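coords00.txt follows; it contains compact mmCIF, C-alpha atoms and all ligand atoms.
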# COMPACT_ATOMS: atom_id res chain seq x y z
CA MET A 904 107.52 34.73 138.47
CA MET A 905 109.62 31.52 138.63
CA ASP A 906 113.09 31.81 140.19
CA THR A 907 115.19 29.92 137.62
CA ASN A 908 118.01 29.52 140.17
CA LEU A 909 115.94 27.21 142.38
CA PRO A 910 117.05 23.57 142.32
CA ILE A 911 115.22 20.71 140.65
CA GLY A 912 113.89 18.45 143.43
CA ILE A 913 114.26 14.71 142.90
CA PHE A 914 113.11 11.92 145.17
CA ASP A 915 113.29 8.17 145.28
CA SER A 916 112.84 5.44 147.84
CA GLY A 917 116.63 5.21 148.08
CA VAL A 918 119.72 5.48 145.90
CA GLY A 919 118.18 4.07 142.70
CA GLY A 920 116.89 7.48 141.60
CA LEU A 921 120.50 8.60 141.30
CA THR A 922 120.43 6.94 137.87
CA VAL A 923 117.80 9.58 137.00
CA LEU A 924 119.81 12.38 138.66
CA ARG A 925 122.85 11.31 136.62
CA GLU A 926 120.89 11.63 133.37
CA ILE A 927 119.48 15.05 134.39
CA GLU A 928 122.99 16.22 135.30
CA ARG A 929 124.31 15.05 131.92
CA ARG A 930 121.54 16.86 130.04
CA LEU A 931 121.32 19.99 132.22
CA PRO A 932 124.78 20.49 133.79
CA TRP A 933 124.10 24.06 134.91
CA GLU A 934 121.09 23.13 137.11
CA ASP A 935 121.28 22.71 140.89
CA LEU A 936 119.74 19.41 142.03
CA LEU A 937 118.30 18.52 145.43
CA TYR A 938 117.97 14.75 145.84
CA LEU A 939 116.10 12.96 148.62
CA GLY A 940 116.47 9.19 149.10
CA ASP A 941 114.03 7.75 151.61
CA THR A 942 116.40 4.90 152.51
CA ALA A 943 114.86 4.38 155.97
CA ARG A 944 111.70 3.07 154.29
CA LEU A 945 113.16 1.33 151.22
CA PRO A 946 111.96 -0.73 149.43
CA TYR A 947 108.76 0.89 148.18
CA GLY A 948 108.41 -1.82 145.54
CA THR A 949 106.88 -4.42 147.83
CA LYS A 950 104.52 -2.05 149.66
CA SER A 951 100.85 -1.18 149.08
CA ARG A 952 99.75 1.74 146.93
CA GLU A 953 98.42 3.59 150.01
CA THR A 954 101.72 3.31 151.87
CA VAL A 955 103.80 4.34 148.84
CA THR A 956 101.50 7.35 148.28
CA ARG A 957 101.81 8.45 151.92
CA TYR A 958 105.60 8.15 151.85
CA SER A 959 105.77 9.99 148.50
CA LEU A 960 103.66 12.91 149.76
CA GLN A 961 105.92 13.24 152.81
CA ALA A 962 109.14 13.16 150.76
CA ALA A 963 107.78 15.68 148.25
CA ALA A 964 106.56 18.00 151.05
CA HIS A 965 110.09 18.13 152.45
CA LEU A 966 111.54 19.15 149.08
CA VAL A 967 108.79 21.70 148.44
CA GLU A 968 109.47 23.26 151.85
CA ARG A 969 113.12 23.74 150.86
CA LYS A 970 111.93 25.40 147.62
CA ILE A 971 112.31 23.73 144.24
CA LYS A 972 111.18 24.73 140.74
CA LEU A 973 110.22 21.26 139.51
CA LEU A 974 109.75 17.86 141.16
CA VAL A 975 110.99 14.62 139.62
CA VAL A 976 109.55 11.43 141.04
CA ALA A 977 112.63 9.36 140.25
CA CYS A 978 111.08 6.14 141.45
CA ASN A 979 108.93 3.99 139.20
CA THR A 980 106.97 2.56 142.11
CA ALA A 981 106.18 6.03 143.50
CA SER A 982 105.38 7.37 140.01
CA ALA A 983 103.04 4.45 139.42
CA ALA A 984 101.25 4.85 142.76
CA ALA A 985 101.32 8.54 143.62
CA LEU A 986 101.92 10.81 140.61
CA GLU A 987 98.34 12.04 140.41
CA ASP A 988 98.14 12.68 144.16
CA LEU A 989 101.38 14.66 144.02
CA GLN A 990 100.14 16.73 141.08
CA ALA A 991 96.86 17.41 142.86
CA ARG A 992 98.63 18.41 146.11
CA TRP A 993 100.93 20.95 144.35
CA PRO A 994 99.01 22.11 141.26
CA ASP A 995 101.43 24.98 140.55
CA LEU A 996 104.54 22.84 140.63
CA PRO A 997 105.47 20.76 137.58
CA VAL A 998 105.72 17.13 138.73
CA ILE A 999 107.38 14.63 136.40
CA GLY A 1000 107.33 10.88 136.94
CA VAL A 1001 109.33 8.19 135.19
CA VAL A 1002 106.48 5.98 133.98
CA GLU A 1003 104.99 8.26 131.29
CA PRO A 1004 108.34 9.12 129.62
CA GLY A 1005 109.33 5.43 129.65
CA ALA A 1006 106.00 4.46 128.10
CA LYS A 1007 106.40 7.08 125.37
CA ALA A 1008 109.90 5.84 124.50
CA ALA A 1009 108.71 2.22 124.51
CA CYS A 1010 105.93 2.98 122.01
CA ALA A 1011 108.38 4.84 119.78
CA ALA A 1012 110.75 1.85 119.87
CA SER A 1013 108.08 -0.75 119.23
CA PRO A 1014 106.61 -0.80 115.71
CA ASN A 1015 104.40 -3.83 116.46
CA GLY A 1016 103.35 -2.74 119.95
CA ARG A 1017 104.77 -5.82 121.63
CA ILE A 1018 106.27 -4.37 124.76
CA ALA A 1019 107.73 -6.05 127.83
CA VAL A 1020 108.06 -4.13 131.08
CA ILE A 1021 110.12 -5.23 134.04
CA ALA A 1022 109.66 -3.34 137.30
CA THR A 1023 109.00 -3.91 141.01
CA GLU A 1024 106.15 -6.12 142.14
CA SER A 1025 104.08 -3.11 143.24
CA ALA A 1026 104.61 -1.13 140.01
CA ILE A 1027 103.55 -4.10 137.86
CA ALA A 1028 100.59 -5.02 140.08
CA GLY A 1029 99.23 -1.44 139.91
CA GLY A 1030 99.28 -1.61 136.09
CA ALA A 1031 100.51 1.98 135.62
CA TYR A 1032 103.00 1.11 132.86
CA GLN A 1033 100.46 -1.04 131.09
CA ARG A 1034 97.88 1.82 131.16
CA ALA A 1035 100.40 4.50 130.13
CA ILE A 1036 101.48 2.44 127.10
CA GLU A 1037 97.91 1.60 126.11
CA ARG A 1038 96.94 5.29 126.29
CA ILE A 1039 99.57 5.98 123.61
CA ASN A 1040 99.03 2.81 121.59
CA PRO A 1041 95.67 1.14 122.34
CA TRP A 1042 96.72 -1.87 120.25
CA ALA A 1043 99.88 -2.50 122.23
CA ARG A 1044 100.34 -5.87 123.87
CA VAL A 1045 102.09 -5.23 127.16
CA ASN A 1046 103.65 -8.03 129.13
CA GLY A 1047 104.70 -6.91 132.61
CA ARG A 1048 106.84 -8.83 135.05
CA GLY A 1049 107.83 -8.00 138.62
CA CYS A 1050 111.57 -8.54 139.16
CA SER A 1051 112.04 -7.41 142.76
CA LEU A 1052 115.23 -9.43 143.32
CA PHE A 1053 117.05 -7.23 140.79
CA VAL A 1054 116.71 -4.37 143.31
CA ALA A 1055 118.60 -6.29 146.01
CA LEU A 1056 121.29 -7.42 143.55
CA ALA A 1057 121.92 -3.86 142.34
CA GLU A 1058 122.00 -2.52 145.93
CA GLU A 1059 124.53 -5.21 146.78
CA GLY A 1060 126.68 -4.25 143.79
CA TRP A 1061 126.22 -7.67 142.20
CA LEU A 1062 126.01 -6.53 138.61
CA ASP A 1063 127.33 -9.57 136.78
CA GLY A 1064 128.40 -13.19 137.29
CA PRO A 1065 126.57 -16.51 137.45
CA VAL A 1066 124.13 -15.63 140.28
CA VAL A 1067 122.93 -12.47 138.53
CA GLU A 1068 122.64 -14.30 135.22
CA ALA A 1069 120.66 -17.13 136.81
CA VAL A 1070 118.20 -14.63 138.34
CA ALA A 1071 117.96 -12.71 135.07
CA CYS A 1072 117.37 -15.93 133.15
CA ARG A 1073 114.55 -17.01 135.48
CA TYR A 1074 112.81 -13.61 135.31
CA LEU A 1075 113.25 -13.07 131.57
CA ALA A 1076 112.68 -16.64 130.27
CA PRO A 1077 108.93 -16.06 129.60
CA PHE A 1078 109.86 -13.29 127.13
CA LEU A 1079 111.95 -15.77 125.15
CA GLU A 1080 109.14 -18.28 124.59
CA PRO A 1081 108.04 -18.73 120.97
CA GLY A 1082 105.64 -15.94 120.03
CA GLU A 1083 106.36 -13.98 123.23
CA ARG A 1084 109.46 -12.08 122.16
CA PRO A 1085 108.85 -8.33 122.61
CA ASP A 1086 109.95 -5.56 120.24
CA CYS A 1087 111.39 -3.77 123.21
CA LEU A 1088 111.96 -4.21 126.91
CA VAL A 1089 111.37 -1.33 129.33
CA LEU A 1090 113.59 -1.10 132.41
CA GLY A 1091 110.78 0.16 134.65
CA CYS A 1092 112.80 0.44 137.85
CA THR A 1093 115.55 2.84 138.88
CA HIS A 1094 117.87 -0.03 139.78
CA PHE A 1095 117.67 -1.96 136.54
CA PRO A 1096 119.94 0.21 134.34
CA LEU A 1097 122.83 -1.11 136.44
CA LEU A 1098 121.95 -4.63 135.32
CA VAL A 1099 121.63 -3.86 131.64
CA ALA A 1100 124.62 -6.09 130.70
CA PRO A 1101 123.24 -9.37 132.16
CA ILE A 1102 119.73 -8.46 130.94
CA ARG A 1103 121.09 -7.93 127.45
CA LYS A 1104 122.98 -11.20 127.65
CA ILE A 1105 119.69 -13.05 128.18
CA MET A 1106 117.53 -10.98 125.81
CA GLY A 1107 120.10 -10.95 122.99
CA ALA A 1108 122.60 -8.37 121.78
CA ASP A 1109 120.12 -6.78 119.38
CA ALA A 1110 117.24 -6.43 121.89
CA LYS A 1111 115.86 -2.89 122.16
CA ILE A 1112 116.05 -1.80 125.79
CA VAL A 1113 114.38 1.40 126.99
CA ASP A 1114 115.74 3.10 130.10
CA SER A 1115 113.10 5.27 131.78
CA ALA A 1116 115.83 7.41 133.45
CA GLU A 1117 117.04 8.78 130.09
CA CYS A 1118 113.48 9.47 128.95
CA ALA A 1119 112.57 11.27 132.17
CA ALA A 1120 115.63 13.55 131.91
CA LEU A 1121 114.51 14.56 128.42
CA ASP A 1122 111.03 15.32 129.79
CA VAL A 1123 112.56 17.52 132.50
CA GLU A 1124 114.52 19.47 129.89
CA ASN A 1125 111.46 19.93 127.67
CA THR A 1126 109.29 21.03 130.60
CA LEU A 1127 111.79 23.60 131.90
CA THR A 1128 112.37 24.88 128.37
CA GLY A 1129 108.61 25.29 127.87
CA MET A 1130 108.33 27.15 131.18
CA ARG A 1131 111.39 29.30 130.35
CA ALA A 1132 112.75 28.12 133.68
CA LEU A 1133 116.17 26.75 132.69
CA ARG A 1134 119.00 28.12 134.80
CA PRO A 1135 121.19 30.29 132.56
CA GLY A 1136 124.56 28.70 131.67
CA THR A 1137 126.25 31.90 132.86
CA GLY A 1138 125.49 30.77 136.44
CA GLY A 1139 128.25 28.15 136.09
CA LYS A 1140 128.06 24.41 136.67
CA GLY A 1141 125.23 23.34 138.93
CA GLN A 1142 125.65 21.49 142.22
CA ALA A 1143 123.93 18.42 143.60
CA PHE A 1144 122.82 18.20 147.24
CA PHE A 1145 121.83 14.92 148.85
CA LEU A 1146 119.36 14.15 151.66
CA THR A 1147 118.70 10.75 153.18
CA THR A 1148 116.40 9.42 155.90
CA ASP A 1149 118.93 6.84 157.11
CA ASP A 1150 122.68 6.28 157.51
CA PRO A 1151 124.49 8.85 155.29
CA ALA A 1152 127.59 6.62 155.12
CA ARG A 1153 125.62 3.78 153.52
CA PHE A 1154 123.84 6.22 151.22
CA ALA A 1155 127.22 7.58 150.07
CA ARG A 1156 128.68 4.11 149.60
CA THR A 1157 125.84 2.53 147.62
CA GLY A 1158 124.98 5.85 145.98
CA SER A 1159 128.45 6.07 144.42
CA LEU A 1160 127.67 2.91 142.50
CA PHE A 1161 124.46 4.34 141.05
CA LEU A 1162 125.97 7.75 140.43
CA GLY A 1163 129.02 6.31 138.68
CA ARG A 1164 131.36 8.53 140.70
CA ASN A 1165 132.48 8.94 144.29
CA LEU A 1166 129.85 10.54 146.52
CA PRO A 1167 131.55 11.81 149.70
CA GLU A 1168 129.62 11.15 152.92
CA GLU A 1169 130.00 14.82 153.94
CA ARG A 1170 127.76 15.76 151.01
CA VAL A 1171 124.85 13.73 152.41
CA GLU A 1172 122.54 15.27 155.02
CA LEU A 1173 120.44 13.12 157.35
CA ILE A 1174 116.82 14.25 157.62
CA SER A 1175 113.64 12.83 159.09
CA LEU A 1176 110.27 12.92 157.38
N1 LIG A 1201 113.04 2.98 143.27
C1 LIG A 1201 112.20 1.81 143.11
C2 LIG A 1201 111.57 1.84 141.72
O1 LIG A 1201 112.07 2.45 140.81
C3 LIG A 1201 112.97 0.55 143.34
C4 LIG A 1201 113.39 0.35 144.76
C5 LIG A 1201 112.23 0.13 145.71
O2 LIG A 1201 111.54 -0.88 145.60
O3 LIG A 1201 112.04 1.00 146.56
O4 LIG A 1201 110.55 1.23 141.53

Rewritten as structure tokens:
Amino acid sequence: MMDTNLPIGIFDSGVGGLTVLREIERRLPWEDLLYLGDTARLPYGTKSRETVTRYSLQAAAHLVERKIKLLVVACNTASAAALEDLQARWPDLPVIGVVEPGAKAACAASPNGRIAVIATESAIAGGAYQRAIERINPWARVNGRGCSLFVALAEEGWLDGPVVEAVACRYLAPFLEPGERPDCLVLGCTHFPLLVAPIRKIMGADAKIVDSAECAALDVENTLTGMRALRPGTGGKGQAFFLTTDDPARFARTGSLFLGRNLPEERVELISL
């Protein structure tokens, strides 16, 4: 019998997955959340599939050991590389990635199946988004582009201004070519929601932009509802706990940006994997 009071475990390569945590918190405010950011080994987005899978299994094992009722892989690169390995390793634990929910939302938002995906180099090279979209809509035309520099800009807190716009313009220009304009653009990386304003500036005010964080939070709610594993509202507002594999002060500082509120350093525990 599932203990509904257990926290939802969430992991990412660093602080980017806090955009997913924020959406889960908004949707399910009474749930406890246990977040692990593997900042010591960030970025995952430029590493091989084997390495990302090994890191993901280690991060997930730590959360499972602390006891969780559901695991969210709040990292597009890790979801793309390791979701199936994680599901196979813990067959009784629901494991939700961010790629599948993002792909579903993209197909719903794209009547003509012309979908652009921006993500890390590794996530695009592995083709997970492309495959997930084509499983839902076999006629879709998916145009993927690695935009790894966006990760560094978001980490640095550079969210607007001429440098960010120049980078965005260079990455997104191919989608503006005649005949290449997509019906929707998927933000296939945890860091990209922070850059939605400059991205929208280049793509146009009316561009449809899908944020995989929002879609994943909805998937978490649906899964827990289906399992009858939601924490009852009578338990009061849930709490979030934070674990990091490197400097808690930096995690708290950059994490506050992604979380959209102050994250005190005392709330962040240093662990090793
Ligand atoms: N969290 C990663 C993702 O969503 C971005 C950061 C990284 O490369 O580790 O793909």

inquiry  = With distances taken over all atoms listed in the file, which residue among A:Arg1044, A:Leu1075, A:Gln1142, A:Pro910 lies nearest Gly1107 (chain A)?
reply    = A:Leu1075

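Taking CA of Cys1010 (chain A) as the reference point, CA of Asn1040 (chain A) is found at 6.9 Å.
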
message = Neighbouring residues of ligand LIG 1201 (chain A) are defined here as those with any atom at most 6 Å from a ligand atom, counting all atoms listed in the file; list them as a PyMOL selection string.
response = chain A and resi 915-916+919+945-948+978-980+1023+1054+1092-1093

message = Using all atoms listed in the file for the distances, tell me which of A:Gly1016, A:Gly1139, A:Gly1049, A:Pro1167 is nearest to Gly1091 (chain A).
response =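 Using all atoms listed in the file, Gly1091 (chain A) sits closest to A:Gly1049.
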
key: Which residue of A:Leu973, A:Val918, A:Leu966, A:Ala984 approaches Ala1055 (chain A) most closely, using only C-alpha atoms   =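 Looking only at the distances to Ala1055 (chain A), the closest residue turns out to be A:Val918.
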
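Take CA of Ile1018 (chain A) and CA of Ala1031 (chain A): the distance between them is 13.8 Å.
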
task = Could you please give me, as a list of chain:residue names, the residues of protein, DNA or RNA lying at most 9 Å from (100.3, -0.1, 132.3) in the coordinate frame of the file, considering all atoms listed in the file?
result = A:Ala983, A:Val1002, A:Ala1006, A:Val1020, A:Ala1026, A:Ile1027, A:Gly1029, A:Gly1030, A:Ala1031, A:Tyr1032, A:Gln1033, A:Arg1034, A:Ala1035, A:Ile1036, A:Glu1037, A:Arg1038, A:Val1045, A:Gly1047

task = For each of A:Gly1082, A:Gly917, A:Val967, A:Pro1041, take the minimum atom-to-atom distance to Ala943 (chain A), counting all atoms listed in the file, then give the residue where this is smallest.
result =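 Closest to Ala943 (chain A), using all atoms listed in the file: A:Gly917.
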
note = Students should find that CA of Asp1149 (chain A) and CA of Ala1057 (chain A) are spaced 18.5 Å

Any chance you could export region 1013-1057 of chain A with N, CA and C atoms, as a CSV table (one decimal), in the first residue's frame?
chain,number,residue,atom,x,y,z
A,1013,SER,N,0.1,21.8,-32.5
A,1013,SER,CA,0.6,21.9,-33.9
A,1013,SER,C,-0.4,21.2,-34.9
A,1014,PRO,N,-1.3,21.9,-35.5
A,1014,PRO,CA,-2.3,21.3,-36.4
A,1014,PRO,C,-1.6,20.7,-37.6
A,1015,ASN,N,-0.5,21.3,-38.1
A,1015,ASN,CA,0.1,20.8,-39.3
A,1015,ASN,C,1.3,19.9,-39.1
A,1016,GLY,N,1.6,19.7,-37.8
A,1016,GLY,CA,2.7,18.8,-37.4
A,1016,GLY,C,4.1,19.4,-37.8
A,1017,ARG,N,4.2,20.7,-37.9
A,1017,ARG,CA,5.5,21.3,-38.1
A,1017,ARG,C,6.0,21.8,-36.8
A,1018,ILE,N,6.9,21.1,-36.2
A,1018,ILE,CA,7.3,21.3,-34.8
A,1018,ILE,C,8.8,21.5,-34.7
A,1019,ALA,N,9.2,22.6,-34.0
A,1019,ALA,CA,10.6,22.9,-33.8
A,1019,ALA,C,10.9,22.6,-32.3
A,1020,VAL,N,12.1,21.9,-32.1
A,1020,VAL,CA,12.5,21.6,-30.7
A,1020,VAL,C,13.8,22.2,-30.5
A,1021,ILE,N,14.0,23.0,-29.4
A,1021,ILE,CA,15.3,23.4,-29.0
A,1021,ILE,C,15.6,22.8,-27.6
A,1022,ALA,N,16.8,22.3,-27.5
A,1022,ALA,CA,17.3,21.5,-26.4
A,1022,ALA,C,18.8,21.5,-26.3
A,1023,THR,N,19.3,20.7,-25.4
A,1023,THR,CA,20.8,20.6,-25.3
A,1023,THR,C,21.3,19.8,-26.5
A,1024,GLU,N,22.6,19.9,-26.8
A,1024,GLU,CA,23.2,19.2,-27.9
A,1024,GLU,C,22.9,17.7,-27.7
A,1025,SER,N,23.1,17.1,-26.5
A,1025,SER,CA,23.0,15.7,-26.3
A,1025,SER,C,21.5,15.3,-26.5
A,1026,ALA,N,20.6,16.1,-26.0
A,1026,ALA,CA,19.1,15.7,-26.2
A,1026,ALA,C,18.7,15.7,-27.6
A,1027,ILE,N,19.2,16.6,-28.4
A,1027,ILE,CA,18.9,16.7,-29.8
A,1027,ILE,C,19.6,15.5,-30.6
A,1028,ALA,N,20.8,15.3,-30.3
A,1028,ALA,CA,21.6,14.3,-31.0
A,1028,ALA,C,21.0,12.9,-30.8
A,1029,GLY,N,20.5,12.6,-29.5
A,1029,GLY,CA,19.9,11.3,-29.2
A,1029,GLY,C,18.5,11.1,-29.9
A,1030,GLY,N,17.9,12.2,-30.4
A,1030,GLY,CA,16.7,12.1,-31.1
A,1030,GLY,C,15.4,11.7,-30.3
A,1031,ALA,N,15.5,11.8,-29.0
A,1031,ALA,CA,14.3,11.4,-28.2
A,1031,ALA,C,13.1,12.2,-28.4
A,1032,TYR,N,13.2,13.5,-28.5
A,1032,TYR,CA,12.1,14.4,-28.8
A,1032,TYR,C,11.5,14.0,-30.2
A,1033,GLN,N,12.4,13.9,-31.1
A,1033,GLN,CA,11.9,13.6,-32.5
A,1033,GLN,C,11.1,12.3,-32.5
A,1034,ARG,N,11.6,11.3,-31.8
A,1034,ARG,CA,10.9,10.0,-31.8
A,1034,ARG,C,9.6,10.1,-31.0
A,1035,ALA,N,9.6,10.8,-29.9
A,1035,ALA,CA,8.4,10.9,-29.1
A,1035,ALA,C,7.3,11.6,-29.8
A,1036,ILE,N,7.6,12.7,-30.6
A,1036,ILE,CA,6.6,13.4,-31.4
A,1036,ILE,C,6.1,12.5,-32.5
A,1037,GLU,N,7.0,11.8,-33.2
A,1037,GLU,CA,6.6,11.0,-34.3
A,1037,GLU,C,5.8,9.8,-33.9
A,1038,ARG,N,6.0,9.3,-32.6
A,1038,ARG,CA,5.1,8.2,-32.1
A,1038,ARG,C,3.7,8.7,-32.0
A,1039,ILE,N,3.5,10.0,-31.7
A,1039,ILE,CA,2.1,10.5,-31.5
A,1039,ILE,C,1.6,11.0,-32.9
A,1040,ASN,N,2.4,11.6,-33.7
A,1040,ASN,CA,2.0,12.1,-35.0
A,1040,ASN,C,3.1,11.6,-36.0
A,1041,PRO,N,2.9,10.5,-36.7
A,1041,PRO,CA,3.9,10.0,-37.6
A,1041,PRO,C,4.1,10.9,-38.8
A,1042,TRP,N,3.2,11.8,-39.0
A,1042,TRP,CA,3.4,12.7,-40.2
A,1042,TRP,C,4.1,14.0,-39.8
A,1043,ALA,N,4.4,14.1,-38.5
A,1043,ALA,CA,5.0,15.4,-38.0
A,1043,ALA,C,6.4,15.6,-38.7
A,1044,ARG,N,6.7,16.9,-38.9
A,1044,ARG,CA,8.0,17.2,-39.4
A,1044,ARG,C,8.7,18.0,-38.3
A,1045,VAL,N,9.7,17.3,-37.7
A,1045,VAL,CA,10.3,17.8,-36.5
A,1045,VAL,C,11.7,18.4,-36.8
A,1046,ASN,N,11.9,19.6,-36.4
A,1046,ASN,CA,13.2,20.2,-36.7
A,1046,ASN,C,13.9,20.5,-35.3
A,1047,GLY,N,14.9,19.8,-35.0
A,1047,GLY,CA,15.5,20.0,-33.7
A,1047,GLY,C,16.8,20.8,-33.8
A,1048,ARG,N,17.1,21.5,-32.8
A,1048,ARG,CA,18.3,22.3,-32.8
A,1048,ARG,C,18.9,22.4,-31.4
A,1049,GLY,N,20.2,22.1,-31.3
A,1049,GLY,CA,20.9,22.2,-30.0
A,1049,GLY,C,21.2,23.6,-29.7
A,1050,CYS,N,20.9,24.1,-28.5
A,1050,CYS,CA,21.2,25.5,-28.1
A,1050,CYS,C,21.9,25.5,-26.8
A,1051,SER,N,23.0,24.9,-26.7
A,1051,SER,CA,23.7,24.7,-25.4
A,1051,SER,C,24.0,26.0,-24.7
A,1052,LEU,N,24.3,27.0,-25.5
A,1052,LEU,CA,24.7,28.3,-24.9
A,1052,LEU,C,23.6,28.9,-24.0
A,1053,PHE,N,22.4,28.6,-24.4
A,1053,PHE,CA,21.3,29.2,-23.6
A,1053,PHE,C,21.4,28.7,-22.1
A,1054,VAL,N,21.9,27.5,-21.9
A,1054,VAL,CA,22.1,27.0,-20.5
A,1054,VAL,C,23.0,27.9,-19.7
A,1055,ALA,N,24.1,28.2,-20.3
A,1055,ALA,CA,25.1,29.1,-19.6
A,1055,ALA,C,24.5,30.5,-19.4
A,1056,LEU,N,23.8,31.0,-20.3
A,1056,LEU,CA,23.2,32.4,-20.2
A,1056,LEU,C,22.2,32.4,-19.0
A,1057,ALA,N,21.4,31.3,-19.0
A,1057,ALA,CA,20.3,31.3,-17.9
A,1057,ALA,C,21.0,31.1,-16.5
